[in-house]
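A.B. asks: Here it is, the structure, as structure tokens.
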Amino acid sequence: DIQMTQSPSSLSASVGDRVTITCRASQYIGNYLNWYQHKPGKVPNLLIYAASSLQSGAPSRFSGSVSGPDFTLTISSLQPEDFATYYCQQTSRTPVIFGQGTRVEIK
Amino acid sequence: QVHLVQSGAEVKNPGASVKVSCKAAGYTFTDYYIHWVRQAPGQGLEWMGWISPDTGGRIYETKFEGRVTMTTDTSNSTVYMELSKLRSDDTAVFYCARSGVGTGYFLDYWGQGTLVTVSS
């Protein structure tokens with residue numbers, strides 16, 4: 001199975017900060033990598049699909065990129081509503097694997 | 001407007017089975033897969049498998065093979081996920097979610113979640 005290593009597991013940041021979260025795939029997955037935001041008591045929300053495509057309705061401060069096996073989610077200027085847990089997900093082949101999650105907290 | 005509406009919370013004894021439904025609306029039901037994802041308390045998201053309402057084809061995560069059954073009722077645009085031989089560590093919120101077909105899909109609409117509590 002493909003392993004997804006997501007880092008960091010948590011981070012503290014202030015409103016206005018630039019935040020980056022990384023996922024590394026253990027095997028080649030092309031661009032088949034998605035990012036989700038999940039807030040407590042809410043439903044997961046798709047932010048980025050196919051590594052770098054912004055989902056309709058997602059704020060433009062979210063962006064995705066890929067360099068080799070490393071996929072990055074960037075929040076250009078952290079907003080109060082962005083404090084949540086973020087998950088990467090590979091869908092290159094089954095089993096579909098989510099990363100372990102990155103909890104973004106208020107500093 | 002796309003909607004996935006799940007059945008309500010359940011409390012089950014260890015060893016029992018639970019069947020959660022996911023009713024789709026607002027799109028052509030047979031054009032998309034339905035996935036099931038769960039989140040145990042304090043844990044991350046865990047993919048369980050998908051089913052094609054069009055063909056009935058399905059893939060389950062190996063961990064759940066032999067315990068999970070996903071079925072579809074196209075006349076009612078509803079997908080069901082049954083998990084048997086429940087254990088306390090199956091306590092979780094279970095979500096259904098929609099994706100396109102083929103490789104590289106993504107989960108763009110989700111149900112509201114169903115809390116399943118396994119306790120004696």
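Identifiers for the structure tokens are assigned positionally: chains receive A, B, ... in sequence, residues are indexed from 1 per chain, and ligands are indexed from 1 in the order shown.
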Leaving out Thr30 in chain B and any residue of its chain fewer than 5 positions from it, which residues lie within 9 Å of it when counting only C-alpha atoms, given as a list in words?

C.D. replies: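 Within the cut-off, the hits are Ser52, Pro53, Asp54, Thr55, Thr74 and Ser77 of chain B.
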
A.B. asks: Determine which residues of range 1-99 of chain A receive a DSSP assignment of strand (DSSP E), computed from the backbone, and state them as a PyMOL selection string.

C.D. replies: chain A and resi 4-7+10-13+19-25+33-38+45-49+53-54+62-67+70-75+85-90+97-98

A.B. asks: Enumerate as an MDAnalysis selection string the residues belonging to chain A that approach chain B to within 10 Å, with only C-alpha atoms taken into account.

C.D. replies: chainID A and resid 29:36 38 41:50 55:56 85:102

A.B. asks: Put those residues in a file: N, CA and C atoms, as a tab-separated table (two decimals), in the first residue's frame.

C.D. replies:
```tsv
chain	number	residue	atom	x	y	z
A	29	ILE	N	2.57	8.80	-7.25
A	29	ILE	CA	1.12	8.92	-7.34
A	29	ILE	C	0.68	9.95	-8.36
A	30	GLY	N	1.59	10.41	-9.19
A	30	GLY	CA	1.24	11.44	-10.15
A	30	GLY	C	0.75	12.69	-9.43
A	31	ASN	N	-0.36	13.24	-9.93
A	31	ASN	CA	-0.96	14.40	-9.28
A	31	ASN	C	-2.22	14.04	-8.49
A	32	TYR	N	-2.37	12.75	-8.17
A	32	TYR	CA	-3.62	12.29	-7.55
A	32	TYR	C	-3.60	12.49	-6.04
A	33	LEU	N	-3.59	13.78	-5.66
A	33	LEU	CA	-3.48	14.15	-4.27
A	33	LEU	C	-4.46	15.28	-3.99
A	34	ASN	N	-5.28	15.08	-2.96
A	34	ASN	CA	-6.29	16.07	-2.60
A	34	ASN	C	-6.04	16.55	-1.18
A	35	TRP	N	-6.57	17.74	-0.87
A	35	TRP	CA	-6.46	18.32	0.47
A	35	TRP	C	-7.86	18.67	0.99
A	36	TYR	N	-8.09	18.34	2.28
A	36	TYR	CA	-9.36	18.61	2.93
A	36	TYR	C	-9.12	19.39	4.22
A	38	HIS	N	-10.97	20.05	7.95
A	38	HIS	CA	-11.99	19.45	8.80
A	38	HIS	C	-12.02	20.17	10.14
A	41	GLY	N	-16.89	18.78	14.68
A	41	GLY	CA	-18.33	18.78	14.56
A	41	GLY	C	-18.86	19.12	13.18
A	42	LYS	N	-17.96	19.32	12.24
A	42	LYS	CA	-18.37	19.67	10.87
A	42	LYS	C	-17.99	18.54	9.92
A	43	VAL	N	-18.42	18.70	8.68
A	43	VAL	CA	-18.11	17.74	7.63
A	43	VAL	C	-16.79	18.14	6.95
A	44	PRO	N	-15.94	17.18	6.60
A	44	PRO	CA	-14.72	17.53	5.85
A	44	PRO	C	-15.07	18.30	4.58
A	45	ASN	N	-14.19	19.22	4.24
A	45	ASN	CA	-14.42	20.13	3.11
A	45	ASN	C	-13.25	20.06	2.15
A	46	LEU	N	-13.54	19.73	0.88
A	46	LEU	CA	-12.49	19.65	-0.14
A	46	LEU	C	-11.97	21.03	-0.48
A	47	LEU	N	-10.64	21.20	-0.39
A	47	LEU	CA	-10.00	22.48	-0.73
A	47	LEU	C	-9.30	22.42	-2.09
A	48	ILE	N	-8.46	21.40	-2.25
A	48	ILE	CA	-7.60	21.27	-3.43
A	48	ILE	C	-7.74	19.85	-3.97
A	49	TYR	N	-7.86	19.71	-5.28
A	49	TYR	CA	-7.85	18.38	-5.89
A	49	TYR	C	-6.79	18.35	-6.99
A	50	ALA	N	-6.38	17.15	-7.34
A	50	ALA	CA	-5.34	16.97	-8.36
A	50	ALA	C	-4.12	17.83	-8.06
A	55	GLN	N	-10.73	23.90	-5.44
A	55	GLN	CA	-12.13	23.50	-5.52
A	55	GLN	C	-13.01	24.74	-5.57
A	56	SER	N	-14.08	24.67	-6.35
A	56	SER	CA	-15.03	25.78	-6.43
A	56	SER	C	-15.52	26.15	-5.04
A	85	THR	N	-8.20	21.08	11.23
A	85	THR	CA	-7.26	20.00	10.89
A	85	THR	C	-7.31	19.80	9.39
A	86	TYR	N	-6.14	19.63	8.79
A	86	TYR	CA	-6.02	19.47	7.34
A	86	TYR	C	-5.47	18.08	7.03
A	87	TYR	N	-6.08	17.45	6.02
A	87	TYR	CA	-5.69	16.10	5.61
A	87	TYR	C	-5.35	16.08	4.13
A	88	CYS	N	-4.27	15.38	3.80
A	88	CYS	CA	-4.05	15.04	2.40
A	88	CYS	C	-4.67	13.66	2.14
A	89	GLN	N	-4.88	13.35	0.87
A	89	GLN	CA	-5.50	12.08	0.47
A	89	GLN	C	-4.98	11.69	-0.90
A	90	GLN	N	-4.47	10.48	-1.01
A	90	GLN	CA	-4.04	10.02	-2.33
A	90	GLN	C	-5.12	9.12	-2.92
A	91	THR	N	-5.38	9.31	-4.21
A	91	THR	CA	-6.37	8.48	-4.90
A	91	THR	C	-5.79	7.91	-6.20
A	92	SER	N	-4.47	7.71	-6.19
A	92	SER	CA	-3.83	7.11	-7.36
A	92	SER	C	-4.23	5.65	-7.51
A	93	ARG	N	-4.35	4.96	-6.39
A	93	ARG	CA	-4.76	3.56	-6.41
A	93	ARG	C	-5.34	3.21	-5.05
A	94	THR	N	-6.11	2.15	-5.02
A	94	THR	CA	-6.66	1.71	-3.75
A	94	THR	C	-5.62	0.89	-3.01
A	95	PRO	N	-5.64	0.90	-1.66
A	95	PRO	CA	-6.58	1.65	-0.85
A	95	PRO	C	-6.31	3.15	-0.85
A	96	VAL	N	-7.38	3.92	-0.86
A	96	VAL	CA	-7.26	5.36	-0.70
A	96	VAL	C	-6.70	5.63	0.69
A	97	ILE	N	-5.72	6.49	0.77
A	97	ILE	CA	-5.06	6.75	2.04
A	97	ILE	C	-5.14	8.24	2.37
A	98	PHE	N	-5.55	8.53	3.60
A	98	PHE	CA	-5.46	9.88	4.12
A	98	PHE	C	-4.16	10.04	4.90
A	99	GLY	N	-3.59	11.23	4.85
A	99	GLY	CA	-2.50	11.53	5.75
A	99	GLY	C	-3.00	11.57	7.19
A	100	GLN	N	-2.06	11.68	8.12
A	100	GLN	CA	-2.41	11.61	9.54
A	100	GLN	C	-3.10	12.87	10.04
A	101	GLY	N	-3.02	13.93	9.26
A	101	GLY	CA	-3.66	15.18	9.64
A	101	GLY	C	-2.69	16.18	10.25
A	102	THR	N	-2.96	17.45	10.02
A	102	THR	CA	-2.19	18.55	10.62
A	102	THR	C	-3.18	19.48	11.31
```

A.B. asks: Please list as a CSV table (one decimal) with N, CA, C and O atoms, in the first residue's frame every residue within 7 Å of Phe71 in chain A, counting only C-alpha atoms and excluding residues in the same chain fewer than 3 positions away.

C.D. replies:
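out.csv, freshly written:
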```csv
chain,number,residue,atom,x,y,z
A,22,THR,N,2.9,19.7,4.5
A,22,THR,CA,3.5,18.8,3.4
A,22,THR,C,3.0,17.4,3.6
A,22,THR,O,2.9,16.9,4.7
A,23,CYS,N,2.8,16.7,2.5
A,23,CYS,CA,2.6,15.3,2.4
A,23,CYS,C,3.6,14.6,1.4
A,23,CYS,O,3.8,15.2,0.3
A,24,ARG,N,4.2,13.5,1.9
A,24,ARG,CA,5.1,12.8,1.0
A,24,ARG,C,4.5,11.4,0.8
A,24,ARG,O,4.1,10.7,1.7
A,51,ALA,N,-3.7,17.9,-6.8
A,51,ALA,CA,-2.5,18.5,-6.3
A,51,ALA,C,-2.6,20.0,-6.3
A,51,ALA,O,-2.1,20.6,-5.3
A,65,SER,N,0.7,22.6,-4.4
A,65,SER,CA,1.8,22.4,-5.3
A,65,SER,C,2.5,21.0,-5.1
A,65,SER,O,2.2,20.3,-4.1
A,66,VAL,N,3.3,20.6,-6.1
A,66,VAL,CA,4.0,19.3,-6.0
A,66,VAL,C,5.4,19.5,-6.5
A,66,VAL,O,5.6,20.2,-7.5
A,67,SER,N,6.3,18.8,-5.8
A,67,SER,CA,7.7,18.8,-6.3
A,67,SER,C,8.2,17.4,-6.0
A,67,SER,O,8.4,17.0,-4.8
```

A.B. asks: Among range 7-93 of chain B, which residues does DSSP mark as helix (DSSP H, G or I) when it is run on the backbone? Keep the chain and numbering as in the structure and answer as a PyMOL selection string.

C.D. replies: chain B and resi 29-31+62-64+88-90
